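Text of final32.cif, listed as mmCIF, C-alpha atoms:
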```
data_protein
loop_
_atom_site.label_atom_id
_atom_site.label_comp_id
_atom_site.auth_asym_id
_atom_site.auth_seq_id
_atom_site.Cartn_x
_atom_site.Cartn_y
_atom_site.Cartn_z
CA MET P 148 10.82 -6.88 -42.55
CA GLU P 149 8.63 -5.81 -45.49
CA PHE P 150 5.95 -5.03 -42.94
CA PHE P 151 8.14 -2.22 -41.56
CA ASN P 152 9.62 -0.92 -44.83
CA GLY P 153 6.60 1.01 -46.08
CA MET P 154 5.68 2.43 -42.68
CA ASN P 155 5.89 5.99 -41.45
CA PRO P 156 9.10 6.43 -39.37
CA LEU P 157 7.11 7.45 -36.26
CA LEU P 158 4.93 4.35 -36.51
CA GLN P 159 8.09 2.24 -36.95
CA THR P 160 9.46 3.82 -33.77
CA PHE P 161 6.29 2.92 -31.87
CA TRP P 162 6.55 -0.69 -33.10
CA PHE P 163 10.26 -0.89 -32.20
CA ILE P 164 9.38 0.30 -28.68
CA ALA P 165 6.23 -1.83 -28.21
CA LEU P 166 7.56 -5.22 -29.33
CA PRO P 167 10.67 -5.44 -27.08
CA ALA P 168 8.74 -3.91 -24.16
CA THR P 169 6.04 -6.55 -24.60
CA LEU P 170 8.60 -9.34 -24.73
CA ILE P 171 10.35 -8.10 -21.57
CA PHE P 172 6.97 -7.63 -19.86
CA LEU P 173 5.99 -11.22 -20.64
CA VAL P 174 9.32 -12.53 -19.32
CA GLN P 175 8.89 -10.46 -16.14
CA THR P 176 5.35 -11.78 -15.72
CA VAL P 177 6.47 -15.39 -16.05
CA LEU P 178 9.31 -14.76 -13.60
CA THR P 179 6.89 -13.11 -11.16
CA PHE P 180 4.58 -16.13 -11.11
CA THR P 181 7.45 -18.61 -10.84
CA GLY P 182 9.22 -16.66 -8.07
CA GLY P 183 12.26 -15.71 -10.10
CA ASP P 184 11.98 -11.92 -9.90
CA ALA P 185 13.71 -11.21 -6.58
CA THR P 186 15.33 -8.05 -7.95
CA ASP P 187 15.80 -6.14 -11.17
CA GLY P 188 19.53 -6.83 -10.99
CA LEU P 189 20.24 -3.22 -11.88
CA ASN P 190 21.98 -0.65 -9.77
CA ALA P 191 21.69 3.08 -10.27
CA ASP P 192 24.81 4.68 -11.74
CA PHE P 193 24.55 7.75 -9.52
CA ASP P 194 24.51 8.54 -5.82
CA SER P 195 20.99 8.70 -4.52
CA ASP P 196 18.79 7.39 -1.75
CA LEU P 197 16.38 5.66 -4.14
CA ALA P 198 17.19 2.17 -2.87
CA HIS P 199 16.29 3.07 0.70
CA SER P 200 12.97 4.76 0.06
CA SER P 201 10.26 4.36 2.67
CA GLY P 202 7.59 3.55 0.08
CA PRO P 203 6.57 0.14 -1.17
CA PHE P 204 8.14 0.67 -4.57
CA GLN P 205 10.93 2.43 -6.43
CA LEU P 206 10.14 5.02 -9.08
CA PHE P 207 13.21 4.28 -11.21
CA SER P 208 13.29 0.56 -11.92
CA LEU P 209 13.42 -1.70 -14.94
CA ARG P 210 9.84 -2.83 -14.29
CA ASN P 211 8.53 0.75 -14.32
CA LEU P 212 10.50 1.57 -17.47
CA VAL P 213 8.99 -1.47 -19.19
CA ASN P 214 5.49 -0.49 -18.00
CA PHE P 215 5.95 3.02 -19.38
CA LEU P 216 7.30 1.79 -22.72
CA LEU P 217 4.49 -0.76 -22.98
CA GLY P 218 1.81 1.91 -22.57
CA PHE P 219 3.68 4.41 -24.75
CA GLY P 220 4.38 2.03 -27.63
CA TRP P 221 1.01 0.32 -27.90
CA SER P 222 -0.99 3.53 -27.48
CA GLY P 223 1.13 5.16 -30.19
CA ILE P 224 0.38 2.25 -32.53
CA SER P 225 -3.31 2.24 -31.60
CA PHE P 226 -3.89 5.97 -32.08
CA PHE P 227 -1.52 6.53 -35.01
CA ASN P 228 -4.28 6.66 -37.66
CA SER P 229 -6.76 8.43 -35.34
CA ILE P 230 -4.66 11.43 -34.29
CA ASP P 231 -3.27 13.57 -37.11
CA SER P 232 -0.94 15.73 -35.01
CA LYS P 233 2.20 13.71 -34.31
CA GLY P 234 3.16 15.95 -31.37
CA LEU P 235 -0.26 15.35 -29.80
CA LEU P 236 0.09 11.62 -30.46
CA ILE P 237 3.45 11.51 -28.65
CA LEU P 238 1.99 13.55 -25.76
CA ILE P 239 -1.04 11.26 -25.40
CA SER P 240 1.17 8.17 -25.66
CA SER P 241 3.43 9.59 -22.95
CA ILE P 242 0.44 10.27 -20.70
CA ILE P 243 -0.80 6.71 -21.22
CA GLY P 244 2.70 5.39 -20.43
CA VAL P 245 2.70 7.36 -17.17
CA ALA P 246 -0.81 6.01 -16.47
CA PHE P 247 0.54 2.45 -16.88
CA VAL P 248 3.22 3.17 -14.25
CA ALA P 249 0.65 4.82 -11.94
CA GLY P 250 -1.68 1.85 -12.40
CA PHE P 251 1.15 -0.49 -11.44
CA PHE P 252 1.80 1.58 -8.30
CA LEU P 253 -1.89 1.44 -7.36
CA ILE P 254 -1.94 -2.33 -7.81
CA LEU P 255 1.15 -2.65 -5.59
CA LEU P 256 -0.47 -0.50 -2.90
CA GLN P 257 -3.59 -2.66 -2.95
CA ILE P 258 -1.52 -5.83 -2.73
CA LYS P 259 0.46 -4.36 0.16
CA LYS P 260 -2.82 -3.81 2.06
CA LEU P 261 -3.37 -7.56 1.96
CA GLY P 262 -0.38 -8.06 4.25
CA GLU P 263 -1.13 -8.78 7.87
CA ASP P 264 1.01 -8.20 10.94
CA ASN P 265 0.39 -11.03 13.37
CA SER P 266 3.32 -10.33 15.64
CA PHE P 267 2.36 -10.44 19.29
CA ASN P 268 2.19 -7.17 21.20
CA ILE P 269 1.24 -7.50 24.86
CA ASN P 270 -0.53 -4.12 24.73
CA ASN P 271 -3.16 -5.70 22.47
CA ALA P 272 -4.20 -7.92 25.42
CA VAL P 273 -5.62 -5.03 27.48
CA GLY P 274 -9.40 -5.30 27.67
CA LYS P 275 -9.43 -8.94 26.50
CA THR P 276 -10.91 -11.78 28.48
CA GLY P 277 -9.32 -15.12 29.23
CA SER P 278 -9.03 -17.84 31.79
CA VAL P 279 -6.68 -18.53 34.67
CA TYR P 280 -4.18 -21.29 33.87
CA LEU P 281 -2.24 -21.22 37.17
CA THR P 282 -3.89 -19.81 40.29
CA ILE P 283 -3.16 -16.12 40.87
CA PRO P 284 -2.44 -15.31 44.56
CA GLY P 285 -4.38 -12.32 45.81
CA LEU P 286 -3.32 -8.77 46.64
CA LYS P 287 -0.17 -8.71 44.46
CA SER P 288 1.40 -11.40 46.63
CA GLY P 289 2.46 -13.66 43.78
CA ILE P 290 2.31 -14.37 40.08
CA GLY P 291 -0.04 -16.75 38.31
CA LYS P 292 -0.68 -17.40 34.64
CA VAL P 293 -3.60 -16.72 32.33
CA GLN P 294 -4.49 -17.82 28.84
CA VAL P 295 -5.79 -15.13 26.52
CA SER P 296 -6.49 -15.01 22.79
CA VAL P 297 -4.88 -12.08 20.95
CA LYS P 298 -5.24 -11.80 17.16
CA GLY P 299 -6.47 -15.37 16.93
CA ALA P 300 -3.57 -16.96 18.86
CA VAL P 301 -3.78 -18.15 22.48
CA HIS P 302 -0.98 -16.87 24.71
CA GLU P 303 0.00 -17.93 28.21
CA LEU P 304 1.05 -14.84 30.14
CA GLU P 305 2.06 -14.03 33.71
CA ALA P 306 -0.55 -12.15 35.72
CA ILE P 307 -1.26 -10.66 39.13
CA THR P 308 -4.43 -9.35 40.72
CA LEU P 309 -5.13 -6.45 43.06
CA GLY P 310 -8.06 -8.31 44.61
CA GLU P 311 -8.58 -11.74 46.15
CA LYS P 312 -6.99 -14.99 44.92
CA ILE P 313 -8.27 -16.19 41.53
CA LEU P 314 -8.47 -19.97 41.08
CA THR P 315 -7.52 -22.01 38.01
CA GLY P 316 -10.25 -22.00 35.37
CA ALA P 317 -11.84 -18.71 36.46
CA LEU P 318 -12.72 -16.17 33.77
CA ILE P 319 -10.75 -12.93 33.95
CA LYS P 320 -10.47 -9.59 32.21
CA ILE P 321 -7.11 -7.91 31.62
CA VAL P 322 -7.13 -4.43 33.16
CA LYS P 323 -3.64 -3.13 32.42
CA ILE P 324 0.00 -4.07 31.94
CA GLU P 325 2.76 -3.57 34.48
CA ASN P 326 6.50 -3.60 33.73
CA GLU P 327 5.83 -4.33 30.02
CA HIS P 328 5.30 -8.07 30.63
CA LEU P 329 3.02 -8.58 33.63
CA LEU P 330 -0.77 -8.43 33.31
CA ILE P 331 -3.03 -7.04 36.00
CA VAL P 332 -6.34 -8.93 35.89
CA GLU P 333 -9.67 -9.04 37.65
CA THR P 334 -12.40 -11.68 37.76
CA ILE P 335 -15.45 -11.35 35.58
#
```
In C-alpha coordinates, how does this file's structure come out?
Amino acid sequence: MEFFNGMNPLLQTFWFIALPATLIFLVQTVLTFTGGDATDGLNADFDSDLAHSSGPFQLFSLRNLVNFLLGFGWSGISFFNSIDSKGLLILISSIIGVAFVAGFFLILLQIKKLGEDNSFNINNAVGKTGSVYLTIPGLKSGIGKVQVSVKGAVHELEAITLGEKILTGALIKIVKIENEHLLIVETI
(Lines of atoms letter the chains of each structure in order from A and count residues from 1; the text may use other names and numbers.)
(Lines give C-alpha, C1' and ligand atoms only; values in the text may rest on other atoms or scores of the structure.)
Protein backbone atom coordinates (compact mmCIF):
# COMPACT_ATOMS: atom_id res chain seq x y z
CA MET A 1 0.00 0.00 0.00
CA GLU A 2 3.04 2.32 0.22
CA PHE A 3 2.81 2.62 -3.54
CA PHE A 4 -0.54 4.44 -3.15
CA ASN A 5 0.24 6.49 -0.02
CA GLY A 6 2.38 9.18 -1.64
CA MET A 7 0.20 9.53 -4.73
CA ASN A 8 -2.01 12.40 -5.79
CA PRO A 9 -5.65 11.61 -4.84
CA LEU A 10 -6.79 11.85 -8.49
CA LEU A 11 -4.11 9.39 -9.60
CA GLN A 12 -5.15 7.07 -6.74
CA THR A 13 -8.73 7.27 -8.01
CA PHE A 14 -7.62 6.31 -11.52
CA TRP A 15 -5.70 3.32 -10.11
CA PHE A 16 -8.66 2.25 -7.95
CA ILE A 17 -10.85 2.33 -11.07
CA ALA A 18 -8.37 0.70 -13.48
CA LEU A 19 -7.30 -2.29 -11.38
CA PRO A 20 -10.76 -3.74 -10.55
CA ALA A 21 -12.00 -2.98 -14.09
CA THR A 22 -9.01 -4.86 -15.51
CA LEU A 23 -9.63 -7.82 -13.22
CA ILE A 24 -13.32 -7.98 -14.16
CA PHE A 25 -12.42 -7.57 -17.85
CA LEU A 26 -10.00 -10.50 -17.65
CA VAL A 27 -12.60 -12.69 -15.93
CA GLN A 28 -15.18 -11.74 -18.59
CA THR A 29 -12.68 -12.54 -21.34
CA VAL A 30 -11.93 -15.97 -19.90
CA LEU A 31 -15.65 -16.65 -19.50
CA THR A 32 -16.28 -15.54 -23.09
CA PHE A 33 -13.74 -17.99 -24.50
CA THR A 34 -14.94 -20.84 -22.28
CA GLY A 35 -18.63 -20.23 -23.04
CA GLY A 36 -19.60 -19.15 -19.54
CA ASP A 37 -20.87 -15.65 -20.30
CA ALA A 38 -24.48 -16.36 -21.30
CA THR A 39 -25.72 -13.23 -19.53
CA ASP A 40 -24.54 -10.46 -17.26
CA GLY A 41 -26.86 -11.76 -14.55
CA LEU A 42 -28.00 -8.22 -13.83
CA ASN A 43 -31.45 -6.80 -14.22
CA ALA A 44 -32.23 -3.12 -14.51
CA ASP A 45 -33.85 -1.64 -11.41
CA PHE A 46 -36.24 0.52 -13.41
CA ASP A 47 -38.97 0.05 -15.98
CA SER A 48 -37.59 0.33 -19.47
CA ASP A 49 -37.54 -1.46 -22.79
CA LEU A 50 -33.76 -1.90 -22.79
CA ALA A 51 -33.92 -5.70 -22.66
CA HIS A 52 -36.04 -5.89 -25.80
CA SER A 53 -34.03 -3.58 -28.01
CA SER A 54 -33.87 -4.38 -31.70
CA GLY A 55 -30.10 -3.86 -31.87
CA PRO A 56 -27.40 -6.46 -31.42
CA PHE A 57 -26.33 -5.08 -28.06
CA GLN A 58 -27.53 -3.28 -24.95
CA LEU A 59 -26.15 0.13 -24.05
CA PHE A 60 -26.46 -0.34 -20.28
CA SER A 61 -24.74 -3.58 -19.35
CA LEU A 62 -22.01 -4.70 -17.00
CA ARG A 63 -19.71 -5.41 -19.95
CA ASN A 64 -20.08 -1.85 -21.29
CA LEU A 65 -19.55 -0.37 -17.83
CA VAL A 66 -16.34 -2.38 -17.47
CA ASN A 67 -15.20 -1.31 -20.96
CA PHE A 68 -15.80 2.34 -20.09
CA LEU A 69 -14.01 2.09 -16.73
CA LEU A 70 -11.11 0.24 -18.36
CA GLY A 71 -10.56 3.02 -20.91
CA PHE A 72 -11.20 5.77 -18.35
CA GLY A 73 -8.89 4.39 -15.65
CA TRP A 74 -5.91 3.42 -17.78
CA SER A 75 -6.01 6.59 -19.89
CA GLY A 76 -6.15 8.67 -16.70
CA ILE A 77 -3.07 6.85 -15.37
CA SER A 78 -1.27 7.12 -18.72
CA PHE A 79 -1.88 10.85 -19.24
CA PHE A 80 -1.66 11.95 -15.59
CA ASN A 81 1.88 13.39 -15.90
CA SER A 82 1.32 14.66 -19.45
CA ILE A 83 -1.81 16.78 -18.93
CA ASP A 84 -1.57 19.48 -16.27
CA SER A 85 -5.26 20.42 -16.18
CA LYS A 86 -7.07 17.81 -14.10
CA GLY A 87 -10.46 18.77 -15.59
CA LEU A 88 -9.07 18.24 -19.10
CA LEU A 89 -7.54 14.93 -17.99
CA ILE A 90 -10.92 13.70 -16.70
CA LEU A 91 -12.62 14.87 -19.92
CA ILE A 92 -10.07 13.11 -22.15
CA SER A 93 -10.26 9.97 -20.00
CA SER A 94 -14.06 10.03 -20.29
CA ILE A 95 -13.84 10.40 -24.07
CA ILE A 96 -11.44 7.45 -24.25
CA GLY A 97 -13.80 5.41 -22.05
CA VAL A 98 -16.67 6.16 -24.43
CA ALA A 99 -14.38 5.24 -27.34
CA PHE A 100 -13.74 1.85 -25.68
CA VAL A 101 -17.50 1.22 -25.53
CA ALA A 102 -17.94 2.40 -29.15
CA GLY A 103 -15.07 0.16 -30.24
CA PHE A 104 -16.74 -2.78 -28.53
CA PHE A 105 -20.01 -2.00 -30.36
CA LEU A 106 -18.17 -1.85 -33.70
CA ILE A 107 -16.51 -5.20 -33.02
CA LEU A 108 -19.91 -6.72 -32.18
CA LEU A 109 -21.41 -5.35 -35.40
CA GLN A 110 -18.57 -6.85 -37.43
CA ILE A 111 -18.97 -10.21 -35.71
CA LYS A 112 -22.71 -10.11 -36.33
CA LYS A 113 -22.03 -9.70 -40.07
CA LEU A 114 -20.29 -13.06 -40.00
CA GLY A 115 -23.62 -14.77 -39.26
CA GLU A 116 -25.29 -16.51 -42.14
CA ASP A 117 -28.96 -17.33 -42.66
CA ASN A 118 -29.18 -20.66 -44.42
CA SER A 119 -32.88 -21.23 -43.84
CA PHE A 120 -34.66 -22.38 -46.97
CA ASN A 121 -36.96 -19.94 -48.72
CA ILE A 122 -38.68 -21.30 -51.82
CA ASN A 123 -38.62 -17.83 -53.41
CA ASN A 124 -34.83 -18.14 -53.68
CA ALA A 125 -35.35 -21.01 -56.16
CA VAL A 126 -36.81 -18.78 -58.90
CA GLY A 127 -34.37 -18.49 -61.79
CA LYS A 128 -32.29 -21.48 -60.64
CA THR A 129 -31.66 -24.55 -62.74
CA GLY A 130 -32.03 -28.15 -61.70
CA SER A 131 -32.98 -31.58 -62.89
CA VAL A 132 -36.22 -33.55 -62.99
CA TYR A 133 -36.35 -36.24 -60.31
CA LEU A 134 -39.86 -37.58 -61.07
CA THR A 135 -41.36 -37.04 -64.53
CA ILE A 136 -43.52 -33.91 -64.77
CA PRO A 137 -46.75 -34.49 -66.78
CA GLY A 138 -47.36 -31.81 -69.37
CA LEU A 139 -49.85 -28.95 -69.53
CA LYS A 140 -50.47 -28.68 -65.76
CA SER A 141 -52.01 -32.15 -65.75
CA GLY A 142 -50.00 -33.48 -62.82
CA ILE A 143 -47.18 -32.90 -60.40
CA GLY A 144 -43.62 -34.15 -60.70
CA LYS A 145 -40.51 -33.44 -58.66
CA VAL A 146 -37.30 -31.58 -59.36
CA GLN A 147 -33.99 -31.30 -57.57
CA VAL A 148 -32.53 -27.84 -57.28
CA SER A 149 -29.61 -26.38 -55.33
CA VAL A 150 -30.45 -23.31 -53.25
CA LYS A 151 -27.77 -21.73 -51.02
CA GLY A 152 -25.57 -24.78 -51.39
CA ALA A 153 -28.20 -27.36 -50.36
CA VAL A 154 -30.08 -29.63 -52.78
CA HIS A 155 -33.85 -29.62 -52.34
CA GLU A 156 -36.47 -31.92 -53.82
CA LEU A 157 -39.53 -29.85 -54.67
CA GLU A 158 -42.87 -30.43 -56.38
CA ALA A 159 -43.16 -28.94 -59.85
CA ILE A 160 -45.51 -28.56 -62.81
CA THR A 161 -44.95 -27.36 -66.35
CA LEU A 162 -47.07 -25.32 -68.74
CA GLY A 163 -45.54 -27.10 -71.73
CA GLU A 164 -45.03 -30.72 -72.77
CA LYS A 165 -44.12 -33.58 -70.42
CA ILE A 166 -40.59 -33.38 -68.98
CA LEU A 167 -38.83 -36.71 -68.41
CA THR A 168 -36.69 -37.76 -65.45
CA GLY A 169 -33.13 -36.43 -65.71
CA ALA A 170 -33.97 -33.48 -67.97
CA LEU A 171 -32.49 -30.09 -67.11
CA ILE A 172 -35.03 -27.45 -66.13
CA LYS A 173 -35.21 -23.81 -65.14
CA ILE A 174 -37.61 -22.59 -62.44
CA VAL A 175 -39.83 -19.86 -63.86
CA LYS A 176 -42.08 -18.96 -60.93
CA ILE A 177 -43.82 -20.25 -57.82
CA GLU A 178 -47.50 -21.06 -57.53
CA ASN A 179 -49.43 -21.44 -54.25
CA GLU A 180 -46.25 -20.79 -52.21
CA HIS A 181 -45.01 -24.39 -52.60
CA LEU A 182 -45.35 -25.49 -56.22
CA LEU A 183 -42.70 -24.64 -58.82
CA ILE A 184 -43.52 -23.88 -62.43
CA VAL A 185 -40.61 -25.06 -64.60
CA GLU A 186 -39.57 -25.22 -68.22
CA THR A 187 -36.93 -27.28 -70.02
CA ILE A 188 -33.60 -25.77 -70.86
Practice item. Quick one: pull the distance between atom CA of Leu178 of chain P and atom CA of Leu255 of chain P, Å, one decimal. Key: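 It comes out at 16.7 Å.
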Exercise for review: Tell me, in Å to one decimal, how far atom CA of Ser266 of chain P is from atom CA of Lys298 of chain P.
Suggested key: 8.8 Å
Point to revise | Residue nearest Val332 of chain P - candidates P:Gly316, P:Gly299, P:Gly262, P:Gly291, atoms counted: all atoms listed in the file | key: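 When distances to Val332 of chain P are compared using all atoms listed in the file, the smallest one comes from P:Gly291.
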Practice item. Might you spell out which residues the PyMOL selection byres ((chain P and resi 220) around 9) would select in the displayed file, as a list in words? Key: Thr160, Phe161, Trp162, Phe163, Ile164, Ala165, Leu166, Ala168, Phe215, Leu216, Leu217, Gly218, Phe219, Trp221, Ser222, Gly223, Ile224, Ser225, Ser240, Ser241 and Gly244 of chain P
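The closest residue to Arg210 of chain P, picked from P:Phe226, P:Phe180, P:Ile237, P:Val174 and counting only C-alpha atoms, is P:Val174.
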Check your understanding: Which is closest to Ile307 of chain P among P:Gln175, P:Ile321, P:Leu170, P:Asn211, if we use all atoms listed in the file?
Key ->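 Among the listed residues, P:Ile321 lies closest to Ile307 of chain P.
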Review point. On this structure, which residues satisfy the PyMOL selection byres ((chain P and resi 317) around 9), written as a list in words?
Key: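 This file gives the following for the PyMOL selection byres ((chain P and resi 317) around 9): Gly277, Ser278, Val279, Tyr280, Thr282, Ile313, Leu314, Thr315, Gly316, Leu318, Ile319, Thr334 and Ile335 of chain P.
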Create the file for the chosen residues now, containing C-alpha atoms and written as a short mmCIF file (atom, residue, chain, number, x, y, z; two decimals), in the frame of the given file.
```cif
data_model
loop_
_atom_site.label_atom_id
_atom_site.label_comp_id
_atom_site.auth_asym_id
_atom_site.auth_seq_id
_atom_site.Cartn_x
_atom_site.Cartn_y
_atom_site.Cartn_z
CA GLY P 277 -9.32 -15.12 29.23
CA SER P 278 -9.03 -17.84 31.79
CA VAL P 279 -6.68 -18.53 34.67
CA TYR P 280 -4.18 -21.29 33.87
CA THR P 282 -3.89 -19.81 40.29
CA ILE P 313 -8.27 -16.19 41.53
CA LEU P 314 -8.47 -19.97 41.08
CA THR P 315 -7.52 -22.01 38.01
CA GLY P 316 -10.25 -22.00 35.37
CA LEU P 318 -12.72 -16.17 33.77
CA ILE P 319 -10.75 -12.93 33.95
CA THR P 334 -12.40 -11.68 37.76
CA ILE P 335 -15.45 -11.35 35.58
#
```
Check your understanding: Could you write out as a list in words the residues that the PyMOL selection byres ((chain P and resi 274) around 12) matches in the shown file?
Key ->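 Selected by the PyMOL selection byres ((chain P and resi 274) around 12) in this file: Ile269, Asn270, Asn271, Ala272, Val273, Lys275, Thr276, Gly277, Val295, Ser296, Val297, Ile319, Lys320, Ile321, Val322, Lys323, Ile324, Leu330, Ile331, Val332, Glu333 and Ile335 of chain P.
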